[in-house]
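Student: Next comes protein.txt, compact mmCIF, C-alpha atoms:
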# COMPACT_ATOMS: atom_id res chain seq x y z
CA MET A 78 2.67 28.54 -10.74
CA HIS A 79 1.93 25.63 -13.03
CA THR A 80 1.99 22.34 -11.17
CA PRO A 81 1.36 19.34 -13.42
CA SER A 82 -0.35 16.44 -11.78
CA VAL A 83 -1.72 12.98 -12.42
CA THR A 84 -4.89 11.72 -10.83
CA VAL A 85 -5.16 7.99 -10.27
CA THR A 86 -7.77 5.78 -8.68
CA VAL A 87 -6.85 3.61 -5.72
CA GLY A 88 -9.27 0.71 -5.47
CA ALA A 89 -9.96 -2.26 -3.22
CA GLY A 90 -8.76 -4.88 -5.69
CA PRO A 91 -7.71 -5.71 -9.22
CA SER A 92 -9.93 -5.87 -12.26
CA ILE A 93 -9.75 -7.88 -15.49
CA ASP A 94 -10.45 -6.20 -18.81
CA HIS A 95 -9.69 -9.05 -21.20
CA VAL A 96 -7.82 -12.33 -21.49
CA VAL A 97 -5.92 -13.70 -24.47
CA GLU A 98 -5.34 -17.42 -24.96
CA ASP A 99 -1.93 -17.24 -26.51
CA ALA A 100 -1.95 -20.45 -28.58
CA SER A 101 -5.19 -19.81 -30.42
CA GLY A 102 -5.38 -16.04 -30.11
CA GLN A 103 -8.86 -16.24 -28.59
CA ILE A 104 -9.73 -13.04 -26.74
CA CYS A 105 -12.51 -12.50 -24.19
CA TYR A 106 -13.46 -8.86 -23.63
CA TYR A 107 -15.46 -9.00 -20.43
CA SER A 108 -16.98 -5.55 -20.64
CA GLN A 109 -18.67 -6.70 -23.84
CA ASN A 110 -19.28 -10.34 -22.86
CA PRO A 111 -18.82 -11.22 -19.20
CA ASN A 112 -19.90 -14.80 -19.95
CA CYS A 113 -17.16 -15.41 -22.49
CA VAL A 114 -15.29 -18.66 -21.81
CA ILE A 115 -11.58 -18.95 -22.52
CA ASN A 116 -10.68 -22.30 -24.10
CA ALA A 117 -7.21 -23.55 -23.26
CA THR A 118 -5.24 -26.69 -22.59
CA GLN A 119 -3.18 -27.48 -19.53
CA LEU A 120 -0.03 -26.49 -21.41
CA ASP A 121 -1.30 -23.16 -22.73
CA THR A 122 -0.44 -19.69 -21.53
CA ILE A 123 -3.01 -16.99 -21.00
CA SER A 124 -2.35 -13.26 -20.87
CA ILE A 125 -4.57 -11.40 -18.44
CA TYR A 126 -4.99 -7.68 -19.06
CA GLY A 127 -6.58 -5.48 -16.46
CA ALA A 128 -5.74 -2.98 -13.76
CA GLY A 129 -4.58 -2.97 -10.19
CA PHE A 130 -2.07 -5.80 -10.42
CA ASP A 131 0.94 -5.37 -8.13
CA SER A 132 3.92 -4.55 -10.35
CA ALA A 133 6.21 -5.78 -7.57
CA GLY A 134 4.78 -9.28 -8.01
CA GLY A 135 2.89 -11.59 -5.73
CA ASN A 136 -0.29 -11.60 -7.76
CA THR A 137 -1.98 -14.98 -8.10
CA VAL A 138 -4.70 -16.44 -10.29
CA ARG A 139 -7.22 -18.63 -8.48
CA LEU A 140 -9.18 -21.26 -10.41
CA THR A 141 -12.21 -22.80 -8.76
CA ALA A 142 -14.46 -25.68 -9.78
CA GLY A 143 -16.81 -26.93 -7.09
CA THR A 144 -14.67 -27.75 -4.10
CA THR A 145 -11.46 -27.76 -6.14
CA THR A 146 -9.19 -24.74 -5.99
CA ASP A 147 -6.05 -24.42 -8.10
CA TRP A 148 -3.55 -21.60 -8.35
CA LEU A 149 -1.37 -20.02 -11.01
CA TYR A 150 1.54 -18.21 -9.41
CA SER A 151 5.19 -17.30 -9.64
CA GLY A 152 7.52 -20.02 -8.42
CA ASP A 153 5.36 -23.01 -9.27
CA PRO A 154 7.53 -26.07 -8.50
CA GLY A 155 6.26 -27.59 -11.72
CA GLY A 156 8.07 -24.87 -13.62
CA SER A 157 5.08 -23.27 -15.28
CA TYR A 158 5.79 -19.88 -16.82
CA TYR A 159 4.41 -16.93 -14.88
CA TRP A 160 5.10 -13.19 -15.17
CA ASP A 161 3.38 -10.41 -13.24
CA GLY A 162 5.76 -7.46 -13.38
CA SER A 163 3.19 -4.95 -14.60
CA PRO A 164 0.22 -3.20 -13.01
CA GLN A 165 -1.79 -4.10 -16.10
CA GLN A 166 -0.74 -7.55 -17.32
CA ILE A 167 -0.13 -11.07 -16.08
CA ASN A 168 1.13 -13.90 -18.28
CA ALA A 169 0.45 -17.33 -16.84
CA GLN A 170 0.94 -20.84 -18.11
CA ILE A 171 -1.81 -23.03 -16.77
CA GLY A 172 0.52 -25.96 -16.15
CA CYS A 173 -0.02 -29.66 -15.57
CA SER A 174 0.79 -29.44 -11.89
CA ASN A 175 -1.16 -26.23 -11.25
CA VAL A 176 -4.35 -27.55 -12.82
CA PRO A 177 -4.04 -31.36 -12.84
CA VAL A 178 -7.68 -32.04 -13.68
CA PRO A 179 -9.16 -30.71 -16.94
CA GLY A 180 -12.53 -29.04 -16.66
CA THR A 181 -14.33 -25.73 -16.55
CA TYR A 182 -13.18 -23.34 -13.85
CA THR A 183 -13.93 -19.84 -12.76
CA PHE A 184 -10.84 -17.71 -12.33
CA GLU A 185 -9.98 -14.46 -10.62
CA VAL A 186 -6.87 -12.43 -9.87
CA LEU A 187 -5.74 -11.81 -6.32
CA ASN A 188 -3.35 -9.02 -5.39
CA PRO A 189 -1.14 -9.36 -2.29
CA HIS A 190 -2.46 -6.08 -0.85
CA GLN A 191 -6.06 -6.36 -1.97
CA GLN A 192 -9.19 -5.94 0.06
CA SER A 193 -11.18 -7.88 -2.54
CA PRO A 194 -10.31 -10.10 -5.53
CA SER A 195 -11.14 -9.28 -9.11
CA PRO A 196 -14.46 -10.30 -10.60
CA SER A 197 -14.37 -13.92 -11.74
CA TYR A 198 -14.76 -15.30 -15.25
CA SER A 199 -14.72 -18.74 -16.86
CA ILE A 200 -12.02 -20.84 -18.43
CA SER A 201 -12.31 -24.33 -19.93
CA VAL A 202 -9.12 -26.31 -19.50
CA ALA A 203 -8.64 -29.33 -21.76
CA SER A 204 -6.10 -32.07 -21.27
CA GLY A 205 -2.67 -31.09 -22.47
CA SER A 206 -0.59 -33.55 -24.43
CA GLY A 207 2.27 -34.61 -22.19
CA CYS A 208 0.59 -33.90 -18.88
CA MET B 4 11.11 29.42 -16.27
CA PRO B 5 10.52 25.87 -15.04
CA ALA B 6 8.99 23.34 -17.38
CA LEU B 7 7.51 20.29 -15.73
CA ALA B 8 5.75 17.09 -16.70
CA VAL B 9 4.63 14.12 -14.64
CA ALA B 10 3.07 10.77 -15.47
CA SER B 11 2.14 7.52 -13.75
CA ASP B 12 2.54 4.01 -15.10
CA ALA B 13 -1.17 3.27 -14.64
CA THR B 14 -4.42 5.07 -13.85
CA TYR B 15 -5.74 2.46 -11.42
CA TYR B 16 -3.94 0.79 -8.52
CA THR B 17 -4.96 -1.61 -5.80
CA VAL B 18 -4.53 -0.33 -2.26
CA GLY B 19 -0.96 -0.54 -0.99
CA ASN B 20 0.53 -1.19 -4.40
CA PRO B 21 3.57 0.56 -5.84
CA ALA B 22 3.08 3.19 -8.52
CA THR B 23 5.93 4.31 -10.71
CA ILE B 24 5.82 8.08 -11.08
CA THR B 25 7.97 9.54 -13.84
CA TRP B 26 8.71 13.21 -14.32
CA GLY B 27 10.63 15.57 -16.49
CA ALA B 28 11.88 18.91 -15.33
CA ALA B 29 13.85 21.67 -17.01
CA ASP B 30 15.19 24.95 -15.71
CA VAL B 31 14.58 24.16 -12.07
CA THR B 32 16.65 24.29 -8.92
CA SER B 33 14.13 22.43 -6.80
CA ILE B 34 11.36 19.94 -7.46
CA SER B 35 9.09 17.91 -5.22
CA LEU B 36 6.18 15.49 -5.39
CA THR B 37 3.11 15.74 -3.20
CA SER B 38 3.34 11.97 -2.58
CA GLN B 39 6.53 10.91 -0.87
CA PRO B 40 8.61 8.33 -2.77
CA THR B 41 9.09 5.15 -0.79
CA ALA B 42 12.40 4.15 -2.35
CA GLY B 43 15.18 5.72 -4.35
CA ILE B 44 14.99 8.01 -7.34
CA TYR B 45 15.78 6.34 -10.65
CA SER B 46 16.88 7.50 -14.05
CA CYS B 47 14.46 6.78 -16.83
CA GLY B 48 14.53 5.99 -20.49
CA SER B 49 11.86 7.62 -22.57
CA THR B 50 11.04 8.88 -26.01
CA ASN B 51 8.83 11.65 -24.64
CA GLU B 52 9.81 14.90 -26.30
CA ILE B 53 10.15 17.92 -24.07
CA SER B 54 11.66 20.22 -26.65
CA SER B 55 11.88 20.36 -30.41
CA ARG B 56 15.18 22.21 -30.17
CA SER B 57 18.48 20.44 -30.64
CA ALA B 58 20.09 21.91 -27.54
CA LEU B 59 20.12 19.63 -24.55
CA LEU B 60 17.29 20.46 -22.22
CA GLY B 61 15.77 18.97 -19.14
CA SER B 62 16.10 15.70 -17.35
CA CYS B 63 13.96 12.75 -16.42
CA ALA B 64 13.65 10.55 -13.37
CA SER B 65 11.19 8.25 -11.68
CA ALA B 66 10.30 7.04 -8.21
CA ILE B 67 8.11 4.45 -6.56
CA VAL B 68 5.18 5.79 -4.56
CA THR B 69 3.14 3.41 -2.41
CA MET B 70 -0.59 3.87 -2.80
CA PRO B 71 -2.75 4.53 0.28
CA SER B 72 -4.35 1.69 2.22
CA THR B 73 -7.87 2.92 1.61
CA PRO B 74 -9.64 3.26 -1.76
CA GLN B 75 -9.71 6.84 -3.01
CA PRO B 76 -8.93 9.07 -5.95
CA LEU B 77 -5.40 10.39 -5.55
CA THR B 78 -3.79 13.34 -7.26
CA ILE B 79 0.00 13.45 -7.38
CA THR B 80 1.45 16.84 -8.20
CA LEU B 81 4.95 17.81 -9.25
CA LYS B 82 6.12 21.18 -8.01
CA GLY B 83 9.19 22.98 -9.25
CA SER B 84 10.89 26.30 -8.89
CA ASN B 85 14.08 28.07 -9.84
CA THR B 86 15.98 31.16 -8.78
CA ASP B 87 16.87 33.69 -11.42
CA VAL B 88 20.15 35.58 -11.54
CA ASP B 89 18.51 38.49 -9.76
CA GLY B 90 17.91 36.27 -6.80
CA ASN B 91 14.16 36.24 -7.12
CA THR B 92 12.45 32.89 -7.15
CA ASN B 93 10.49 32.43 -10.32
CA HIS B 94 7.59 30.06 -9.90
CA THR B 95 6.13 30.53 -13.36
CA ALA B 96 6.27 27.35 -15.40
CA THR B 97 5.36 26.64 -18.96
CA ASN B 98 2.14 24.75 -19.31
CA CYS B 99 2.85 21.27 -20.56
CA THR B 100 0.92 18.07 -20.40
CA ALA B 101 2.41 14.78 -19.32
CA PRO B 102 3.92 12.67 -20.63
CA ALA B 103 5.22 15.05 -23.30
CA CYS B 104 5.49 18.79 -23.63
CA THR B 105 7.26 21.41 -25.67
CA PRO B 106 7.87 24.17 -23.21
CA HIS B 107 9.93 26.71 -25.14
CA PRO B 108 8.83 28.58 -28.27
Show me the file's structure as structure tokens.
Tutor:
Amino acid sequence: MHTPSVTVTVGAGPSIDHVVEDASGQICYYSQNPNCVINATQLDTISIYGAGFDSAGGNTVRLTAGTTTDWLYSGDPGGSYYWDGSPQQINAQIGCSNVPVPGTYTFEVLNPHQQSPSPSYSISVASGSGC
Amino acid sequence: MPALAVASDATYYTVGNPATITWGAADVTSISLTSQPTAGIYSCGSTNEISSRSALLGSCASAIVTMPSTPQPLTITLKGSNTDVDGNTNHTATNCTAPACTPHP
């Protein structure tokens, strides 16, 4: 009897393969350059491609700089765009209210069921006109 | 003889996350997955070809399967069978590889 199957890997947390800064088209491929820094403004949207995101939603992006922690997430009261309906992609506007202070942050993806967050990478957030 | 194909919407999942498992099955009276769906069974839209013939053949559906709570490799298998007119169950299926296959010559 032929019984087709798929083999998947179930891991402790999400991973990030690459990030695209949508306004400029800048792409960081972290397997090639884990020190790559995404350059964005507070109004820009980034697309995060990876694996292990919860397609049912609830994923968040945590930005950290020193003692400051900011979040990109669905339902931001500031109205920033956020979409995480795929196991492999998150689209997130940085947002004036999410990240009120420009600067260089490390960021990582958290999954609502995770046992560990994704590896973290760097993003430089410049002041957005209108913030 | 049954013709089966199965595919997942990703190859890596975080523990406890939902996976969408999609399958196609033709010439079967019974099919099952080795991982129990956690919600309903859904129709699916796809351009995956299962036959080059013009006659209608097969069907497609999908289901949500919740991944285990511990990290591990997980194999999800689709099983299918039919019963021929002579009453004997025929378990022989055409070999086809997800997400597309062409089961009949």
Student: Select, as a PyMOL selection string, those residues of chain B with any atom no more than 7 Å from chain A (distances computed using only C-alpha atoms).
Tutor: chain B and resi 7-11+13-21+70+74-82+94-98
Student: What would the list of residues within 6 Å of (7.7, 6.9, -12.6) (file frame) look like as number ranges by chain, if all atoms listed in the file are what count?
Tutor: B: 11, 23-25, 65-66
Student: Have a look at B:Thr69, B:Ala22, B:Ser62, B:Asp12 and name the one nearest to Gln39 (chain B); count all atoms listed in the file.
Tutor: B:Thr69
Student: Just the residues within 10 Å of Ser108 (chain A), please, counting only C-alpha atoms, with nothing from its chain fewer than 2 positions along; format it as a ChimeraX atom specification.
Tutor: /A:93-95,105-106,110-112
Student: Between CA of Leu140 (chain A) and CA of Tyr182 (chain A), what is the distance, to one decimal in Å?
Tutor: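 Spanning CA of Leu140 (chain A) to CA of Tyr182 (chain A) is a straight-line distance of 5.7 Å.
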Student: Please indicate the distance in Å from CA of Trp160 (chain A) to CA of Asp147 (chain A), rounded to one decimal place.
Tutor: 17.3 Å
Student: Enter the distance from CA of Cys208 (chain A) to CA of Ser124 (chain A), in Å, rounded to one decimal.
Tutor: 20.9 Å
Student: Ser197 (chain A): which residues within 8 Å, counting only C-alpha atoms, same-chain residues fewer than 2 positions away excluded, as a ChimeraX atom specification?
Tutor: /A:183-186,195,199
Student: Excluding same-chain residues fewer than 5 positions from Ser151 (chain A), what lies within 12 Å of it counting all atoms listed in the file, as a VMD selection string?
Tutor: chain A and resid 133 to 138 156 to 162 167 to 172 175
Student: Please identify all polymer residues within 8 Å of Val97 (chain A), counting all atoms listed in the file, omitting same-chain residues fewer than 4 positions from it, and present them as a list in words.
Tutor: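 Those residues are Gly102, Gln103, Ile104, Cys105, Ile115, Ile123, Ser124 and Ile125 of chain A.
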